[in-house]
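A short worksheet on the structure shown next.
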Amino acid sequence: TNLATQAQKNSITVCNEFKMEDFAMLVHKLTEPAKQNDMATVREVLRDAKRMHFLWQPTPAQQEAIDRCVDTCLPEGGAEQYLKGWAVTSVNEWGGDQERLFLLTDKRCYRIKYDFDAKQVGSSKAINLSDVLRVEYGSFRAANHSLTTWVWKKEIEQQQGFRIYTRERDGNKSINVVAREQMAPVLGEAPPQEEFYREYRALGAEEEPWREEVFAQELAAAFMAASILSGTSFDVRPAEMNKEVPGGVFSMFYNSLNLGKYSKTA
């Protein structure tokens, strides 16, 4: 109990220290060198080796995995400049939480499935930053037309994360989207307008919820710098994001049992 209490105090201390750093200052320290195309300084700030900004730090196993992903997934010849990698929870079209690695470069972002036990890179998805419409970060608001989100409203609205909105769909259609498309002609309505996005949260935040705000702000600042470096002009903004769980109660139990987390090593 004493160890758990001390761990909680340490977590709160780190969270408070990050807030003292001031998000605006972190943004400044990343975007100013980005304007000068100084990628080395951007990388150094994100690496945060001296823990000046209390940014996300990989475990040795996570760092080894990220290095393998960089070697495997990024093009050779220096066509892209790697900025940082993170271990994340990626939310799929069913609302299921999946363990993934996330890489950000000056040209693209990558979502990668990695087998920590076999030390192998699995499937990956690359998104050109030129195809990003905007990035939103912040808290979630439970959708008001779903029994599942009503039952789990408290848990959902305690979460924070970020979403990457893109020109094309990133993944498969959710069952909610399919149902709306099928019902539209029956109801005599026009096909629903849909925005395409992928949602991410901090990996392991269920144990330490304070991580999510720090993580979401770090990614927001990193994407602001990447937008400048890539020469694109997408917006990065705070938002209260409407949260659906298309898989309903099955997805919530899937998440509660950590079935999308493939290895204790991660």
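Naming scheme: A, B, ... for chains in displayed order of the structure tokens; residues 1 onward per chain; ligands 1 onward as shown.
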
Would you give me, as JSON lines, each residue of stretch 46-137 of chain A having an atom within 10 Å of an atom of stretch 229-240 of chain A, along with its shortest atom pair and that distance in Å to one decimal, using only C-alpha atoms and sorting by chain and residue number?
```
{"residue": "A:Glu80", "atom": "CA", "partner": "A:Ser230", "partner_atom": "CA", "distance": 9.9}
{"residue": "A:Gln81", "atom": "CA", "partner": "A:Leu229", "partner_atom": "CA", "distance": 9.7}
{"residue": "A:Thr105", "atom": "CA", "partner": "A:Ser230", "partner_atom": "CA", "distance": 8.8}
{"residue": "A:Asp106", "atom": "CA", "partner": "A:Ser230", "partner_atom": "CA", "distance": 5.2}
{"residue": "A:Lys107", "atom": "CA", "partner": "A:Ser230", "partner_atom": "CA", "distance": 5.6}
{"residue": "A:Arg108", "atom": "CA", "partner": "A:Ser230", "partner_atom": "CA", "distance": 8.6}
{"residue": "A:Asn128", "atom": "CA", "partner": "A:Ser230", "partner_atom": "CA", "distance": 9.5}
{"residue": "A:Leu129", "atom": "CA", "partner": "A:Ser230", "partner_atom": "CA", "distance": 7.0}
{"residue": "A:Ser130", "atom": "CA", "partner": "A:Thr232", "partner_atom": "CA", "distance": 5.8}
{"residue": "A:Asp131", "atom": "CA", "partner": "A:Thr232", "partner_atom": "CA", "distance": 9.0}
{"residue": "A:Val132", "atom": "CA", "partner": "A:Phe234", "partner_atom": "CA", "distance": 6.4}
{"residue": "A:Leu133", "atom": "CA", "partner": "A:Phe234", "partner_atom": "CA", "distance": 5.3}
{"residue": "A:Arg134", "atom": "CA", "partner": "A:Asp235", "partner_atom": "CA", "distance": 4.7}
{"residue": "A:Val135", "atom": "CA", "partner": "A:Val236", "partner_atom": "CA", "distance": 4.6}
{"residue": "A:Glu136", "atom": "CA", "partner": "A:Arg237", "partner_atom": "CA", "distance": 5.1}
{"residue": "A:Tyr137", "atom": "CA", "partner": "A:Pro238", "partner_atom": "CA", "distance": 4.9}
```

Create the file for the chosen residues now, containing all heavy atoms and written as a compact mmCIF listing (two decimals), in the first residue's frame.
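So the final result, stored in part08.txt, reads:
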```txt
# COMPACT_ATOMS: atom_id res chain seq x y z
N GLU A 80 13.08 10.81 -45.50
CA GLU A 80 12.28 11.30 -44.39
C GLU A 80 13.17 11.45 -43.17
O GLU A 80 14.07 10.64 -42.94
CB GLU A 80 11.15 10.32 -44.06
CG GLU A 80 10.03 10.28 -45.08
CD GLU A 80 8.94 9.32 -44.67
OE1 GLU A 80 8.52 9.33 -43.49
OE2 GLU A 80 8.50 8.54 -45.53
N GLN A 81 12.86 12.45 -42.37
CA GLN A 81 13.60 12.68 -41.13
C GLN A 81 12.74 12.26 -39.94
O GLN A 81 11.68 12.84 -39.71
CB GLN A 81 14.00 14.15 -41.01
CG GLN A 81 14.95 14.61 -42.10
CD GLN A 81 16.28 13.87 -42.06
OE1 GLN A 81 16.88 13.74 -41.00
NE2 GLN A 81 16.73 13.39 -43.21
N THR A 105 7.45 11.55 -38.63
CA THR A 105 8.58 12.09 -39.38
C THR A 105 8.18 13.46 -39.93
O THR A 105 7.08 13.96 -39.67
CB THR A 105 9.00 11.18 -40.56
OG1 THR A 105 8.05 11.33 -41.65
CG2 THR A 105 9.03 9.72 -40.13
N ASP A 106 9.06 14.05 -40.71
CA ASP A 106 8.74 15.35 -41.32
C ASP A 106 7.85 15.19 -42.55
O ASP A 106 7.46 16.19 -43.15
CB ASP A 106 10.03 16.08 -41.69
CG ASP A 106 10.80 15.37 -42.79
OD1 ASP A 106 10.77 14.12 -42.83
OD2 ASP A 106 11.45 16.05 -43.61
N LYS A 107 7.51 13.95 -42.92
CA LYS A 107 6.68 13.71 -44.10
C LYS A 107 5.43 12.88 -43.80
O LYS A 107 4.41 13.06 -44.45
CB LYS A 107 7.49 12.96 -45.17
CG LYS A 107 8.73 13.68 -45.67
CD LYS A 107 8.36 14.80 -46.61
CE LYS A 107 9.59 15.30 -47.37
NZ LYS A 107 10.69 15.74 -46.52
N ARG A 108 5.53 11.96 -42.83
CA ARG A 108 4.44 11.03 -42.59
C ARG A 108 4.32 10.70 -41.11
O ARG A 108 5.22 10.98 -40.31
CB ARG A 108 4.66 9.71 -43.35
CG ARG A 108 4.70 9.81 -44.85
CD ARG A 108 4.87 8.43 -45.47
NE ARG A 108 4.86 8.48 -46.92
CZ ARG A 108 5.93 8.60 -47.69
NH1 ARG A 108 7.13 8.66 -47.11
NH2 ARG A 108 5.84 8.63 -49.00
N ASN A 128 0.46 10.26 -45.16
CA ASN A 128 1.19 11.45 -45.56
C ASN A 128 0.66 12.65 -44.79
O ASN A 128 -0.56 12.83 -44.66
CB ASN A 128 1.03 11.70 -47.05
CG ASN A 128 1.73 10.66 -47.90
OD1 ASN A 128 2.77 10.15 -47.53
ND2 ASN A 128 1.14 10.32 -49.04
N LEU A 129 1.55 13.48 -44.28
CA LEU A 129 1.10 14.67 -43.56
C LEU A 129 0.34 15.62 -44.49
O LEU A 129 -0.51 16.39 -44.03
CB LEU A 129 2.29 15.39 -42.92
CG LEU A 129 3.02 14.61 -41.82
CD1 LEU A 129 4.12 15.48 -41.21
CD2 LEU A 129 2.07 14.13 -40.74
N SER A 130 0.59 15.52 -45.79
CA SER A 130 -0.16 16.34 -46.75
C SER A 130 -1.61 15.90 -46.85
O SER A 130 -2.45 16.65 -47.39
CB SER A 130 0.51 16.27 -48.13
OG SER A 130 0.58 14.92 -48.58
N ASP A 131 -1.93 14.70 -46.36
CA ASP A 131 -3.30 14.20 -46.37
C ASP A 131 -4.03 14.44 -45.05
O ASP A 131 -5.19 14.04 -44.90
CB ASP A 131 -3.32 12.70 -46.68
CG ASP A 131 -2.92 12.41 -48.12
OD1 ASP A 131 -3.18 13.27 -48.99
OD2 ASP A 131 -2.34 11.34 -48.38
N VAL A 132 -3.33 15.04 -44.09
CA VAL A 132 -3.96 15.34 -42.79
C VAL A 132 -4.74 16.64 -42.91
O VAL A 132 -4.22 17.66 -43.37
CB VAL A 132 -2.89 15.46 -41.68
CG1 VAL A 132 -3.53 15.91 -40.37
CG2 VAL A 132 -2.19 14.11 -41.49
N LEU A 133 -6.01 16.61 -42.49
CA LEU A 133 -6.85 17.80 -42.52
C LEU A 133 -6.71 18.61 -41.24
O LEU A 133 -6.64 19.84 -41.27
CB LEU A 133 -8.31 17.41 -42.72
CG LEU A 133 -8.64 16.68 -44.03
CD1 LEU A 133 -10.09 16.25 -44.05
CD2 LEU A 133 -8.31 17.56 -45.23
N ARG A 134 -6.69 17.91 -40.10
CA ARG A 134 -6.50 18.57 -38.82
C ARG A 134 -6.20 17.52 -37.76
O ARG A 134 -6.43 16.32 -37.98
CB ARG A 134 -7.73 19.38 -38.41
CG ARG A 134 -8.95 18.57 -38.01
CD ARG A 134 -10.10 19.49 -37.62
NE ARG A 134 -11.26 18.77 -37.10
CZ ARG A 134 -12.20 18.22 -37.86
NH1 ARG A 134 -12.11 18.31 -39.18
NH2 ARG A 134 -13.22 17.60 -37.30
N VAL A 135 -5.70 17.97 -36.63
CA VAL A 135 -5.47 17.11 -35.47
C VAL A 135 -6.22 17.75 -34.30
O VAL A 135 -6.10 18.96 -34.07
CB VAL A 135 -3.97 16.99 -35.14
CG1 VAL A 135 -3.76 16.23 -33.83
CG2 VAL A 135 -3.23 16.30 -36.29
N GLU A 136 -6.99 16.94 -33.58
CA GLU A 136 -7.69 17.41 -32.39
C GLU A 136 -7.17 16.65 -31.18
O GLU A 136 -6.86 15.45 -31.28
CB GLU A 136 -9.20 17.21 -32.52
CG GLU A 136 -9.84 18.09 -33.58
CD GLU A 136 -11.35 17.97 -33.64
OE1 GLU A 136 -11.90 17.03 -33.02
OE2 GLU A 136 -11.98 18.82 -34.31
N TYR A 137 -7.10 17.32 -30.05
CA TYR A 137 -6.64 16.68 -28.83
C TYR A 137 -7.45 17.21 -27.65
O TYR A 137 -7.95 18.35 -27.67
CB TYR A 137 -5.15 16.92 -28.60
CG TYR A 137 -4.78 18.36 -28.35
CD1 TYR A 137 -4.61 18.85 -27.05
CD2 TYR A 137 -4.61 19.25 -29.40
CE1 TYR A 137 -4.28 20.18 -26.82
CE2 TYR A 137 -4.29 20.59 -29.18
CZ TYR A 137 -4.12 21.04 -27.89
OH TYR A 137 -3.80 22.36 -27.65
```

- Shortest interatomic distance to A:Thr72 - which of A:Thr89, A:Asn37, A:Ser124, A:Thr59, counting only C-alpha atoms: A:Ser124

Taking only C-alpha atoms into account, produce a table as a tab-separated table in which each residue of stretch 37-65 of chain A with an atom at most 12 Å from an atom of stretch 202-221 of chain A appears once, together with its shortest atom pair and the distance in Å to one decimal, ordered by chain and rising number.
```
residue	atom	partner	partner_atom	distance
A:Val42	CA	A:Ala221	CA	10.5
A:Val45	CA	A:Glu218	CA	10.7
A:Leu46	CA	A:Glu218	CA	8.3
A:Arg47	CA	A:Glu218	CA	11.1
A:Asp48	CA	A:Glu218	CA	11.2
A:His53	CA	A:Glu218	CA	9.4
A:Phe54	CA	A:Val214	CA	8.3
A:Leu55	CA	A:Glu218	CA	6.7
A:Trp56	CA	A:Phe215	CA	6.8
A:Gln57	CA	A:Phe215	CA	10.5
A:Pro58	CA	A:Leu203	CA	10.9
A:Gln62	CA	A:Leu203	CA	11.3
```

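Our summary of the geometry notes that atom CA of A:Ala226 is positioned 11.6 Å from atom CA of A:Glu32.
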
- In Å, how far is it from atom CA of A:Val121 to atom CA of A:Cys69? 6.4 Å

- Would you kindly return, as a list in words, each protein, DNA or RNA residue with an atom no farther than 8 Å from any atom of A:Glu244, considering only C-alpha atoms and excluding same-chain residues fewer than 6 positions away? Gly95, Ala142, Ala143, Ser146 and Thr149 of chain A

Give me the residues near A:Glu157 as a compact mmCIF listing (two decimals) with all heavy atoms, in the first residue's frame, where near means some atom within 8 Å (using only C-alpha atoms) and where sequence neighbours in that chain fewer than 4 positions away do not count.
```txt
# COMPACT_ATOMS: atom_id res chain seq x y z
N SER A 139 -10.30 16.03 -24.27
CA SER A 139 -11.16 15.07 -23.58
C SER A 139 -12.26 14.56 -24.51
O SER A 139 -12.46 15.09 -25.61
CB SER A 139 -11.78 15.71 -22.33
OG SER A 139 -12.53 16.86 -22.71
N PHE A 140 -12.98 13.54 -24.04
CA PHE A 140 -14.06 12.95 -24.82
C PHE A 140 -15.41 13.25 -24.17
O PHE A 140 -15.51 13.40 -22.94
CB PHE A 140 -13.88 11.44 -24.93
CG PHE A 140 -12.65 11.04 -25.69
CD1 PHE A 140 -11.50 10.64 -25.02
CD2 PHE A 140 -12.63 11.08 -27.08
CE1 PHE A 140 -10.36 10.29 -25.71
CE2 PHE A 140 -11.48 10.73 -27.78
CZ PHE A 140 -10.35 10.33 -27.10
N ARG A 141 -16.43 13.30 -25.00
CA ARG A 141 -17.81 13.43 -24.54
C ARG A 141 -18.57 12.20 -25.03
O ARG A 141 -18.58 11.92 -26.23
CB ARG A 141 -18.44 14.71 -25.10
CG ARG A 141 -19.89 14.92 -24.68
CD ARG A 141 -20.47 16.21 -25.23
NE ARG A 141 -20.49 16.20 -26.70
CZ ARG A 141 -19.74 16.96 -27.48
NH1 ARG A 141 -18.85 17.77 -26.93
NH2 ARG A 141 -19.84 16.90 -28.78
N ALA A 142 -19.17 11.46 -24.13
CA ALA A 142 -19.89 10.25 -24.49
C ALA A 142 -21.07 10.58 -25.40
O ALA A 142 -21.84 11.50 -25.14
CB ALA A 142 -20.39 9.53 -23.23
N LYS A 153 -20.33 6.16 -19.43
CA LYS A 153 -20.14 7.60 -19.60
C LYS A 153 -19.00 8.14 -18.75
O LYS A 153 -18.14 8.87 -19.23
CB LYS A 153 -21.45 8.33 -19.26
CG LYS A 153 -21.38 9.85 -19.35
CD LYS A 153 -22.73 10.47 -18.98
CE LYS A 153 -22.66 11.98 -18.90
NZ LYS A 153 -22.47 12.59 -20.24
```

- Query: Do you have the atom CA of A:Met52-atom CA of A:Val70 distance handy?
  - Reply: 25.1 Å

- Message: Using DSSP assignments from the backbone, pull out every residue in stretch 51-154 of chain A that falls under alpha helix (DSSP H) and give it to me as a PyMOL selection string.
- Response: chain A and resi 60-73+147-151+153-154

File dump, residues just selected, C-alpha atoms, as a JSON list (two decimals), in the first residue's frame:
```json
[["chain", "number", "residue", "atom", "x", "y", "z"],
["A", 60, "PRO", "CA", 14.26, -0.30, -23.15],
["A", 61, "ALA", "CA", 11.95, -2.83, -24.86],
["A", 62, "GLN", "CA", 9.86, -0.07, -26.40],
["A", 63, "GLN", "CA", 12.96, 1.78, -27.62],
["A", 64, "GLU", "CA", 14.29, -1.40, -29.24],
["A", 65, "ALA", "CA", 10.91, -1.90, -30.93],
["A", 66, "ILE", "CA", 10.79, 1.70, -32.16],
["A", 67, "ASP", "CA", 14.31, 1.43, -33.57],
["A", 68, "ARG", "CA", 13.34, -1.74, -35.47],
["A", 69, "CYS", "CA", 10.26, 0.00, -36.85],
["A", 70, "VAL", "CA", 12.33, 2.98, -37.98],
["A", 71, "ASP", "CA", 14.76, 0.67, -39.78],
["A", 72, "THR", "CA", 11.97, -1.39, -41.36],
["A", 73, "CYS", "CA", 9.25, 1.13, -42.22],
["A", 147, "LEU", "CA", -26.74, 2.74, -24.36],
["A", 148, "THR", "CA", -23.09, 1.64, -24.21],
["A", 149, "THR", "CA", -21.70, 5.16, -23.90],
["A", 150, "TRP", "CA", -24.43, 6.00, -21.36],
["A", 151, "VAL", "CA", -23.42, 3.03, -19.17],
["A", 153, "LYS", "CA", -20.14, 7.60, -19.60],
["A", 154, "LYS", "CA", -17.94, 8.27, -16.57]]
```
